[in-house]
$ cat model.pdb   # PDB, N, CA and C atoms
ATOM      1  N   MET A 350     129.202 200.887   5.618  1.00  0.00           N
ATOM      2  CA  MET A 350     128.197 200.374   6.520  1.00  0.00           C
ATOM      3  C   MET A 350     127.447 199.250   5.817  1.00  0.00           C
ATOM      4  N   LYS A 351     127.277 198.157   6.526  1.00  0.00           N
ATOM      5  CA  LYS A 351     126.631 196.981   5.953  1.00  0.00           C
ATOM      6  C   LYS A 351     125.237 196.841   6.547  1.00  0.00           C
ATOM      7  N   HIS A 352     124.233 196.774   5.670  1.00  0.00           N
ATOM      8  CA  HIS A 352     122.847 196.638   6.111  1.00  0.00           C
ATOM      9  C   HIS A 352     122.368 195.228   5.819  1.00  0.00           C
ATOM     10  N   ASP A 353     121.640 194.660   6.762  1.00  0.00           N
ATOM     11  CA  ASP A 353     121.090 193.319   6.618  1.00  0.00           C
ATOM     12  C   ASP A 353     119.598 193.434   6.357  1.00  0.00           C
ATOM     13  N   ASP A 354     119.167 193.001   5.168  1.00  0.00           N
ATOM     14  CA  ASP A 354     117.735 193.090   4.847  1.00  0.00           C
ATOM     15  C   ASP A 354     116.995 191.801   5.138  1.00  0.00           C
ATOM     16  N   GLY A 355     117.664 190.751   5.651  1.00  0.00           N
ATOM     17  CA  GLY A 355     117.000 189.521   6.078  1.00  0.00           C
ATOM     18  C   GLY A 355     116.644 188.569   4.961  1.00  0.00           C
ATOM     19  N   THR A 356     117.200 188.728   3.773  1.00  0.00           N
ATOM     20  CA  THR A 356     116.868 187.837   2.658  1.00  0.00           C
ATOM     21  C   THR A 356     118.051 186.949   2.319  1.00  0.00           C
ATOM     22  N   HIS A 357     118.547 186.231   3.291  1.00  0.00           N
ATOM     23  CA  HIS A 357     119.652 185.300   3.048  1.00  0.00           C
ATOM     24  C   HIS A 357     119.095 183.969   2.579  1.00  0.00           C
ATOM     25  N   GLU A 358     119.747 183.403   1.574  1.00  0.00           N
ATOM     26  CA  GLU A 358     119.381 182.074   1.111  1.00  0.00           C
ATOM     27  C   GLU A 358     120.265 181.069   1.825  1.00  0.00           C
ATOM     28  N   PRO A 359     119.687 179.953   2.272  1.00  0.00           N
ATOM     29  CA  PRO A 359     120.532 178.932   2.901  1.00  0.00           C
ATOM     30  C   PRO A 359     121.474 178.338   1.859  1.00  0.00           C
ATOM     31  N   PRO A 360     122.652 177.902   2.262  1.00  0.00           N
ATOM     32  CA  PRO A 360     123.569 177.299   1.292  1.00  0.00           C
ATOM     33  C   PRO A 360     122.982 176.000   0.746  1.00  0.00           C
ATOM     34  N   SER A 361     123.142 175.813  -0.555  1.00  0.00           N
ATOM     35  CA  SER A 361     122.595 174.593  -1.160  1.00  0.00           C
ATOM     36  C   SER A 361     123.445 173.399  -0.746  1.00  0.00           C
ATOM     37  N   SER A 362     122.833 172.237  -0.744  1.00  0.00           N
ATOM     38  CA  SER A 362     123.548 171.035  -0.306  1.00  0.00           C
ATOM     39  C   SER A 362     124.513 170.566  -1.397  1.00  0.00           C
ATOM     40  N   PHE A 363     125.417 169.709  -0.990  1.00  0.00           N
ATOM     41  CA  PHE A 363     126.420 169.197  -1.935  1.00  0.00           C
ATOM     42  C   PHE A 363     125.769 168.415  -3.064  1.00  0.00           C
ATOM     43  N   TRP A 364     124.715 167.647  -2.760  1.00  0.00           N
ATOM     44  CA  TRP A 364     124.113 166.774  -3.767  1.00  0.00           C
ATOM     45  C   TRP A 364     123.324 167.533  -4.817  1.00  0.00           C
ATOM     46  N   HIS A 365     123.125 168.821  -4.643  1.00  0.00           N
ATOM     47  CA  HIS A 365     122.459 169.636  -5.658  1.00  0.00           C
ATOM     48  C   HIS A 365     123.456 170.501  -6.425  1.00  0.00           C
ATOM     49  N   SER A 366     124.740 170.225  -6.279  1.00  0.00           N
ATOM     50  CA  SER A 366     125.760 171.006  -6.969  1.00  0.00           C
ATOM     51  C   SER A 366     126.270 170.254  -8.190  1.00  0.00           C
ATOM     52  N   ARG A 367     126.996 170.964  -9.030  1.00  0.00           N
ATOM     53  CA  ARG A 367     127.542 170.318 -10.221  1.00  0.00           C
ATOM     54  C   ARG A 367     128.710 169.405  -9.869  1.00  0.00           C
ATOM     55  N   TYR A 368     129.334 169.625  -8.723  1.00  0.00           N
ATOM     56  CA  TYR A 368     130.402 168.736  -8.282  1.00  0.00           C
ATOM     57  C   TYR A 368     129.857 167.345  -7.966  1.00  0.00           C
ATOM     58  N   ALA A 369     128.679 167.291  -7.403  1.00  0.00           N
ATOM     59  CA  ALA A 369     128.059 165.996  -7.114  1.00  0.00           C
ATOM     60  C   ALA A 369     127.723 165.265  -8.407  1.00  0.00           C
ATOM     61  N   ALA A 370     127.229 165.996  -9.404  1.00  0.00           N
ATOM     62  CA  ALA A 370     126.921 165.371 -10.691  1.00  0.00           C
ATOM     63  C   ALA A 370     128.197 164.809 -11.320  1.00  0.00           C
ATOM     64  N   GLY A 371     129.278 165.561 -11.241  1.00  0.00           N
ATOM     65  CA  GLY A 371     130.553 165.073 -11.766  1.00  0.00           C
ATOM     66  C   GLY A 371     131.054 163.857 -11.017  1.00  0.00           C
ATOM     67  N   LEU A 372     130.888 163.868  -9.699  1.00  0.00           N
ATOM     68  CA  LEU A 372     131.296 162.731  -8.890  1.00  0.00           C
ATOM     69  C   LEU A 372     130.495 161.485  -9.243  1.00  0.00           C
ATOM     70  N   ILE A 373     129.220 161.631  -9.480  1.00  0.00           N
ATOM     71  CA  ILE A 373     128.365 160.501  -9.852  1.00  0.00           C
ATOM     72  C   ILE A 373     128.757 159.959 -11.225  1.00  0.00           C
ATOM     73  N   VAL A 374     129.036 160.856 -12.176  1.00  0.00           N
ATOM     74  CA  VAL A 374     129.431 160.421 -13.519  1.00  0.00           C
ATOM     75  C   VAL A 374     130.765 159.690 -13.472  1.00  0.00           C
ATOM     76  N   ILE A 375     131.743 160.244 -12.753  1.00  0.00           N
ATOM     77  CA  ILE A 375     133.046 159.592 -12.647  1.00  0.00           C
ATOM     78  C   ILE A 375     132.910 158.233 -11.947  1.00  0.00           C
ATOM     79  N   GLY A 376     132.083 158.159 -10.909  1.00  0.00           N
ATOM     80  CA  GLY A 376     131.855 156.890 -10.220  1.00  0.00           C
ATOM     81  C   GLY A 376     131.197 155.859 -11.115  1.00  0.00           C
ATOM     82  N   ALA A 377     130.247 156.292 -11.950  1.00  0.00           N
ATOM     83  CA  ALA A 377     129.582 155.369 -12.862  1.00  0.00           C
ATOM     84  C   ALA A 377     130.556 154.843 -13.914  1.00  0.00           C
ATOM     85  N   VAL A 378     131.393 155.720 -14.447  1.00  0.00           N
ATOM     86  CA  VAL A 378     132.381 155.297 -15.447  1.00  0.00           C
ATOM     87  C   VAL A 378     133.385 154.333 -14.810  1.00  0.00           C
ATOM     88  N   ALA A 379     133.862 154.651 -13.611  1.00  0.00           N
ATOM     89  CA  ALA A 379     134.810 153.777 -12.931  1.00  0.00           C
ATOM     90  C   ALA A 379     134.164 152.428 -12.616  1.00  0.00           C
ATOM     91  N   GLY A 380     132.911 152.427 -12.181  1.00  0.00           N
ATOM     92  CA  GLY A 380     132.209 151.178 -11.907  1.00  0.00           C
ATOM     93  C   GLY A 380     132.021 150.343 -13.156  1.00  0.00           C
ATOM     94  N   TYR A 381     131.730 151.001 -14.276  1.00  0.00           N
ATOM     95  CA  TYR A 381     131.570 150.276 -15.537  1.00  0.00           C
ATOM     96  C   TYR A 381     132.869 149.583 -15.932  1.00  0.00           C
ATOM     97  N   PHE A 382     133.974 150.326 -15.880  1.00  0.00           N
ATOM     98  CA  PHE A 382     135.244 149.729 -16.277  1.00  0.00           C
ATOM     99  C   PHE A 382     135.700 148.654 -15.298  1.00  0.00           C
ATOM    100  N   LEU A 383     135.444 148.838 -14.024  1.00  0.00           N
ATOM    101  CA  LEU A 383     135.787 147.792 -13.065  1.00  0.00           C
ATOM    102  C   LEU A 383     134.996 146.525 -13.330  1.00  0.00           C
ATOM    103  N   LEU A 384     133.716 146.674 -13.631  1.00  0.00           N
ATOM    104  CA  LEU A 384     132.877 145.504 -13.884  1.00  0.00           C
ATOM    105  C   LEU A 384     133.273 144.813 -15.178  1.00  0.00           C
ATOM    106  N   THR A 385     133.562 145.575 -16.239  1.00  0.00           N
ATOM    107  CA  THR A 385     133.913 144.937 -17.509  1.00  0.00           C
ATOM    108  C   THR A 385     135.282 144.264 -17.452  1.00  0.00           C
ATOM    109  N   GLU A 386     136.204 144.838 -16.708  1.00  0.00           N
ATOM    110  CA  GLU A 386     137.543 144.253 -16.625  1.00  0.00           C
ATOM    111  C   GLU A 386     137.596 143.063 -15.659  1.00  0.00           C
ATOM    112  N   HIS A 387     136.703 143.030 -14.704  1.00  0.00           N
ATOM    113  CA  HIS A 387     136.767 141.995 -13.678  1.00  0.00           C
ATOM    114  C   HIS A 387     135.506 141.129 -13.656  1.00  0.00           C
ATOM    115  N   THR A 388     134.881 140.956 -14.814  1.00  0.00           N
ATOM    116  CA  THR A 388     133.649 140.167 -14.887  1.00  0.00           C
ATOM    117  C   THR A 388     133.885 138.725 -14.445  1.00  0.00           C
ATOM    118  N   ALA A 389     134.994 138.151 -14.833  1.00  0.00           N
ATOM    119  CA  ALA A 389     135.277 136.756 -14.466  1.00  0.00           C
ATOM    120  C   ALA A 389     135.411 136.614 -12.954  1.00  0.00           C
ATOM    121  N   HIS A 390     136.026 137.596 -12.314  1.00  0.00           N
ATOM    122  CA  HIS A 390     136.166 137.537 -10.858  1.00  0.00           C
ATOM    123  C   HIS A 390     134.813 137.690 -10.174  1.00  0.00           C
ATOM    124  N   VAL A 391     134.000 138.600 -10.686  1.00  0.00           N
ATOM    125  CA  VAL A 391     132.681 138.839 -10.081  1.00  0.00           C
ATOM    126  C   VAL A 391     131.793 137.615 -10.251  1.00  0.00           C
ATOM    127  N   LEU A 392     131.776 137.036 -11.452  1.00  0.00           N
ATOM    128  CA  LEU A 392     130.943 135.858 -11.683  1.00  0.00           C
ATOM    129  C   LEU A 392     131.461 134.645 -10.922  1.00  0.00           C
ATOM    130  N   GLY A 393     132.759 134.570 -10.715  1.00  0.00           N
ATOM    131  CA  GLY A 393     133.317 133.475  -9.952  1.00  0.00           C
ATOM    132  C   GLY A 393     132.980 133.558  -8.473  1.00  0.00           C
ATOM    133  N   ALA A 394     132.714 134.754  -7.988  1.00  0.00           N
ATOM    134  CA  ALA A 394     132.409 134.942  -6.567  1.00  0.00           C
ATOM    135  C   ALA A 394     130.919 134.806  -6.257  1.00  0.00           C
ATOM    136  N   LEU A 395     130.075 134.760  -7.268  1.00  0.00           N
ATOM    137  CA  LEU A 395     128.624 134.714  -7.026  1.00  0.00           C
ATOM    138  C   LEU A 395     128.179 133.512  -6.191  1.00  0.00           C
ATOM    139  N   PRO A 396     128.671 132.295  -6.419  1.00  0.00           N
ATOM    140  CA  PRO A 396     128.228 131.182  -5.553  1.00  0.00           C
ATOM    141  C   PRO A 396     128.592 131.401  -4.087  1.00  0.00           C
ATOM    142  N   TYR A 397     129.764 131.964  -3.841  1.00  0.00           N
ATOM    143  CA  TYR A 397     130.170 132.222  -2.462  1.00  0.00           C
ATOM    144  C   TYR A 397     129.323 133.324  -1.841  1.00  0.00           C
ATOM    145  N   LEU A 398     128.958 134.319  -2.638  1.00  0.00           N
ATOM    146  CA  LEU A 398     128.099 135.382  -2.115  1.00  0.00           C
ATOM    147  C   LEU A 398     126.716 134.849  -1.769  1.00  0.00           C
ATOM    148  N   LEU A 399     126.246 133.856  -2.516  1.00  0.00           N
ATOM    149  CA  LEU A 399     124.963 133.231  -2.199  1.00  0.00           C
ATOM    150  C   LEU A 399     125.035 132.519  -0.856  1.00  0.00           C
ATOM    151  N   PHE A 400     126.134 131.799  -0.614  1.00  0.00           N
ATOM    152  CA  PHE A 400     126.303 131.119   0.674  1.00  0.00           C
ATOM    153  C   PHE A 400     126.466 132.120   1.820  1.00  0.00           C
ATOM    154  N   LEU A 401     127.104 133.236   1.553  1.00  0.00           N
ATOM    155  CA  LEU A 401     127.247 134.259   2.588  1.00  0.00           C
ATOM    156  C   LEU A 401     125.925 134.969   2.868  1.00  0.00           C
ATOM    157  N   ALA A 402     125.030 134.989   1.892  1.00  0.00           N
ATOM    158  CA  ALA A 402     123.739 135.648   2.085  1.00  0.00           C
ATOM    159  C   ALA A 402     122.816 134.824   2.983  1.00  0.00           C
ATOM    160  N   CYS A 403     123.017 133.509   3.040  1.00  0.00           N
ATOM    161  CA  CYS A 403     122.140 132.655   3.845  1.00  0.00           C
ATOM    162  C   CYS A 403     122.144 133.027   5.332  1.00  0.00           C
ATOM    163  N   PRO A 404     123.298 133.173   5.980  1.00  0.00           N
ATOM    164  CA  PRO A 404     123.257 133.565   7.395  1.00  0.00           C
ATOM    165  C   PRO A 404     122.638 134.946   7.607  1.00  0.00           C
ATOM    166  N   LEU A 405     122.868 135.845   6.679  1.00  0.00           N
ATOM    167  CA  LEU A 405     122.272 137.173   6.815  1.00  0.00           C
ATOM    168  C   LEU A 405     120.751 137.111   6.696  1.00  0.00           C
ATOM    169  N   MET A 406     120.262 136.271   5.792  1.00  0.00           N
ATOM    170  CA  MET A 406     118.815 136.124   5.674  1.00  0.00           C
ATOM    171  C   MET A 406     118.229 135.520   6.946  1.00  0.00           C
ATOM    172  N   HIS A 407     118.917 134.571   7.542  1.00  0.00           N
ATOM    173  CA  HIS A 407     118.425 133.980   8.783  1.00  0.00           C
ATOM    174  C   HIS A 407     118.425 135.006   9.912  1.00  0.00           C
ATOM    175  N   LEU A 408     119.423 135.842   9.951  1.00  0.00           N
ATOM    176  CA  LEU A 408     119.476 136.857  11.010  1.00  0.00           C
ATOM    177  C   LEU A 408     118.370 137.890  10.876  1.00  0.00           C
ATOM    178  N   PHE A 409     118.151 138.368   9.659  1.00  0.00           N
ATOM    179  CA  PHE A 409     117.239 139.493   9.477  1.00  0.00           C
ATOM    180  C   PHE A 409     115.816 139.096   9.116  1.00  0.00           C
ATOM    181  N   MET A 410     115.603 137.898   8.593  1.00  0.00           N
ATOM    182  CA  MET A 410     114.259 137.532   8.158  1.00  0.00           C
ATOM    183  C   MET A 410     113.538 136.633   9.152  1.00  0.00           C
ATOM    184  N   HIS A 411     114.256 135.993  10.065  1.00  0.00           N
ATOM    185  CA  HIS A 411     113.633 135.114  11.046  1.00  0.00           C
ATOM    186  C   HIS A 411     113.690 135.735  12.433  1.00  0.00           C
ATOM    187  N   HIS A 412     113.444 137.012  12.521  1.00  0.00           N
ATOM    188  CA  HIS A 412     113.584 137.701  13.807  1.00  0.00           C
ATOM    189  C   HIS A 412     112.489 137.337  14.797  1.00  0.00           C
ATOM    190  N   GLY A 413     111.441 136.658  14.384  1.00  0.00           N
ATOM    191  CA  GLY A 413     110.359 136.347  15.294  1.00  0.00           C
ATOM    192  C   GLY A 413     110.449 134.974  15.930  1.00  0.00           C
ATOM    193  N   HIS A 414     111.405 134.153  15.541  1.00  0.00           N
ATOM    194  CA  HIS A 414     111.503 132.797  16.071  1.00  0.00           C
ATOM    195  C   HIS A 414     112.056 132.802  17.492  1.00  0.00           C
ATOM    196  N   GLY A 415     111.639 131.819  18.269  1.00  0.00           N
ATOM    197  CA  GLY A 415     112.210 131.622  19.582  1.00  0.00           C
ATOM    198  C   GLY A 415     111.493 132.316  20.716  1.00  0.00           C
ATOM    199  N   LYS A 416     110.439 133.040  20.453  1.00  0.00           N
ATOM    200  CA  LYS A 416     109.745 133.741  21.534  1.00  0.00           C
ATOM    201  C   LYS A 416     108.749 132.839  22.257  1.00  0.00           C
ATOM    202  N   ASN A 417     108.182 131.862  21.559  1.00  0.00           N
ATOM    203  CA  ASN A 417     107.257 130.875  22.125  1.00  0.00           C
ATOM    204  C   ASN A 417     106.064 131.485  22.846  1.00  0.00           C
ATOM    205  N   ASP A 418     105.601 132.610  22.421  1.00  0.00           N
ATOM    206  CA  ASP A 418     104.359 133.131  22.987  1.00  0.00           C
ATOM    207  C   ASP A 418     103.238 132.892  21.982  1.00  0.00           C
ATOM    208  N   ARG A 419     102.053 132.767  22.445  1.00  0.00           N
ATOM    209  CA  ARG A 419     100.921 132.439  21.594  1.00  0.00           C
ATOM    210  C   ARG A 419     100.063 133.658  21.307  1.00  0.00           C
ATOM    211  N   ARG A 420     100.636 134.821  21.391  1.00  0.00           N
ATOM    212  CA  ARG A 420      99.866 136.028  21.118  1.00  0.00           C
ATOM    213  C   ARG A 420      99.852 136.337  19.628  1.00  0.00           C
ATOM    214  N   GLY A 421      98.853 137.059  19.188  1.00  0.00           N
ATOM    215  CA  GLY A 421      98.716 137.421  17.788  1.00  0.00           C
ATOM    216  C   GLY A 421      99.543 138.647  17.441  1.00  0.00           C
ATOM    217  N   ILE A 422      99.204 139.239  16.341  1.00  0.00           N
ATOM    218  CA  ILE A 422      99.954 140.392  15.848  1.00  0.00           C
ATOM    219  C   ILE A 422      99.839 141.569  16.796  1.00  0.00           C
ATOM    220  N   ASP A 423      98.658 141.797  17.354  1.00  0.00           N
ATOM    221  CA  ASP A 423      98.481 142.944  18.240  1.00  0.00           C
ATOM    222  C   ASP A 423      99.062 142.696  19.626  1.00  0.00           C
ATOM    223  N   GLY A 424      99.499 141.486  19.922  1.00  0.00           N
ATOM    224  CA  GLY A 424     100.140 141.167  21.187  1.00  0.00           C
ATOM    225  C   GLY A 424      99.156 140.901  22.326  1.00  0.00           C
ATOM    226  N   LYS A 425      97.854 140.896  22.056  1.00  0.00           N
ATOM    227  CA  LYS A 425      96.865 140.727  23.130  1.00  0.00           C
ATOM    228  C   LYS A 425      96.050 139.457  22.983  1.00  0.00           C
ATOM    229  N   THR A 426      95.646 139.138  21.774  1.00  0.00           N
ATOM    230  CA  THR A 426      94.732 138.004  21.574  1.00  0.00           C
ATOM    231  C   THR A 426      95.511 136.798  21.088  1.00  0.00           C
ATOM    232  N   PRO A 427      95.159 135.591  21.543  1.00  0.00           N
ATOM    233  CA  PRO A 427      95.852 134.383  21.078  1.00  0.00           C
ATOM    234  C   PRO A 427      95.491 134.080  19.621  1.00  0.00           C
ATOM    235  N   HIS A 428      96.363 133.294  18.989  1.00  0.00           N
ATOM    236  CA  HIS A 428      96.109 132.868  17.609  1.00  0.00           C
ATOM    237  C   HIS A 428      94.878 131.971  17.553  1.00  0.00           C
ATOM    238  N   GLU A 429      94.134 132.085  16.498  1.00  0.00           N
ATOM    239  CA  GLU A 429      93.021 131.185  16.244  1.00  0.00           C
ATOM    240  C   GLU A 429      93.552 129.990  15.467  1.00  0.00           C
ATOM    241  N   PRO A 430      93.233 128.763  15.876  1.00  0.00           N
ATOM    242  CA  PRO A 430      93.687 127.600  15.103  1.00  0.00           C
ATOM    243  C   PRO A 430      93.005 127.573  13.743  1.00  0.00           C
ATOM    244  N   ARG A 431      93.753 127.129  12.764  1.00  0.00           N
ATOM    245  CA  ARG A 431      93.203 127.105  11.397  1.00  0.00           C
ATOM    246  C   ARG A 431      92.594 125.766  11.094  1.00  0.00           C
TER     247      ARG A 431
END

$ encode --input "model.pdb" --output "C-alpha coordinates"
Amino acid sequence: MKHDDGTHEPPSSFWHSRYAAGLIVIGAVAGYFLLTEHTAHVLGALPYLLFLACPLMHLFMHHGHGKNDRRGIDGKTPHEPR
(Lines of atoms letter the chains of each structure in order from A and count residues from 1; the text may use other names and numbers.)
(Lines give C-alpha, C1' and ligand atoms only; values in the text may rest on other atoms or scores of the structure.)
Protein backbone atom coordinates (compact mmCIF):
# COMPACT_ATOMS: atom_id res chain seq x y z
CA MET A 1 0.00 0.00 0.00
CA LYS A 2 1.37 3.38 -1.01
CA HIS A 3 0.67 6.39 1.19
CA ASP A 4 0.98 9.97 -0.03
CA ASP A 5 2.12 12.40 2.66
CA GLY A 6 2.02 15.47 0.34
CA THR A 7 5.72 16.35 0.53
CA HIS A 8 6.68 16.06 -3.12
CA GLU A 9 9.48 18.24 -4.39
CA PRO A 10 9.05 19.69 -7.87
CA PRO A 11 11.61 18.41 -10.38
CA SER A 12 14.60 20.70 -10.65
CA SER A 13 15.14 22.48 -13.94
CA PHE A 14 17.75 21.45 -16.47
CA TRP A 15 19.85 24.59 -15.90
CA HIS A 16 20.38 23.68 -12.24
CA SER A 17 21.72 20.21 -13.04
CA ARG A 18 25.28 19.04 -13.51
CA TYR A 19 24.49 18.21 -17.13
CA ALA A 20 23.90 21.89 -17.82
CA ALA A 21 27.23 22.78 -16.21
CA GLY A 22 28.95 20.22 -18.42
CA LEU A 23 27.18 21.54 -21.48
CA ILE A 24 28.29 25.09 -20.69
CA VAL A 25 31.91 23.99 -20.13
CA ILE A 26 32.00 21.99 -23.37
CA GLY A 27 30.42 24.93 -25.25
CA ALA A 28 32.98 27.35 -23.81
CA VAL A 29 35.89 25.09 -24.78
CA ALA A 30 34.48 24.59 -28.29
CA GLY A 31 33.92 28.35 -28.66
CA TYR A 32 37.48 29.06 -27.54
CA PHE A 33 38.98 26.66 -30.06
CA LEU A 34 36.73 27.89 -32.85
CA LEU A 35 37.73 31.48 -32.16
CA THR A 36 41.47 30.74 -31.92
CA GLU A 37 41.50 28.63 -35.08
CA HIS A 38 39.37 31.02 -37.12
CA THR A 39 40.55 34.41 -35.84
CA ALA A 40 41.56 35.56 -39.33
CA HIS A 41 38.10 34.74 -40.68
CA VAL A 42 36.35 36.50 -37.80
CA LEU A 43 38.51 39.62 -38.06
CA GLY A 44 38.10 39.66 -41.82
CA ALA A 45 34.32 39.67 -41.46
CA LEU A 46 34.16 42.55 -38.95
CA PRO A 47 33.88 45.37 -41.56
CA TYR A 48 31.01 43.56 -43.25
CA LEU A 49 29.29 42.98 -39.92
CA LEU A 50 29.53 46.72 -39.25
CA PHE A 51 27.78 47.45 -42.56
CA LEU A 52 25.14 44.83 -41.78
CA ALA A 53 24.54 46.42 -38.37
CA CYS A 54 23.61 49.78 -39.93
CA PRO A 55 20.21 48.71 -41.33
CA LEU A 56 19.40 46.94 -38.08
CA MET A 57 20.20 50.06 -36.09
CA HIS A 58 17.94 52.10 -38.37
CA LEU A 59 15.12 49.62 -37.95
CA PHE A 60 15.29 49.33 -34.18
CA MET A 61 16.64 52.70 -33.05
CA HIS A 62 14.64 55.08 -35.27
CA HIS A 63 11.22 53.65 -34.51
CA GLY A 64 9.72 57.07 -33.81
CA HIS A 65 10.36 58.70 -37.19
CA GLY A 66 7.61 59.33 -39.69
CA LYS A 67 4.67 59.90 -37.36
CA ASN A 68 4.63 63.71 -37.83
CA ASP A 69 2.59 64.40 -34.74
CA ARG A 70 3.51 67.25 -32.43
CA ARG A 71 2.59 65.55 -29.19
CA GLY A 72 5.03 65.12 -26.32
CA ILE A 73 6.07 62.02 -24.48
CA ASP A 74 2.76 61.62 -22.67
CA GLY A 75 0.89 61.90 -25.99
CA LYS A 76 -1.34 64.79 -24.82
CA THR A 77 0.63 68.03 -24.67
CA PRO A 78 2.47 69.60 -27.62
CA HIS A 79 6.23 70.08 -27.56
CA GLU A 80 7.52 73.34 -26.15
CA PRO A 81 9.86 75.15 -28.56
CA ARG A 82 13.38 75.47 -27.25

$ atom_distance --input "model.pdb" --atom1 "atom N of A:Gly393" --atom2 "atom N of A:Leu372"
29.4 Å

$ atom_distance --input "model.pdb" --atom1 "atom CA of A:Trp364" --atom2 "atom N of A:Val378"
17.0 Å

$ atom_distance --input "model.pdb" --atom1 "atom N of A:Gly380" --atom2 "atom N of A:Leu399"
22.0 Å
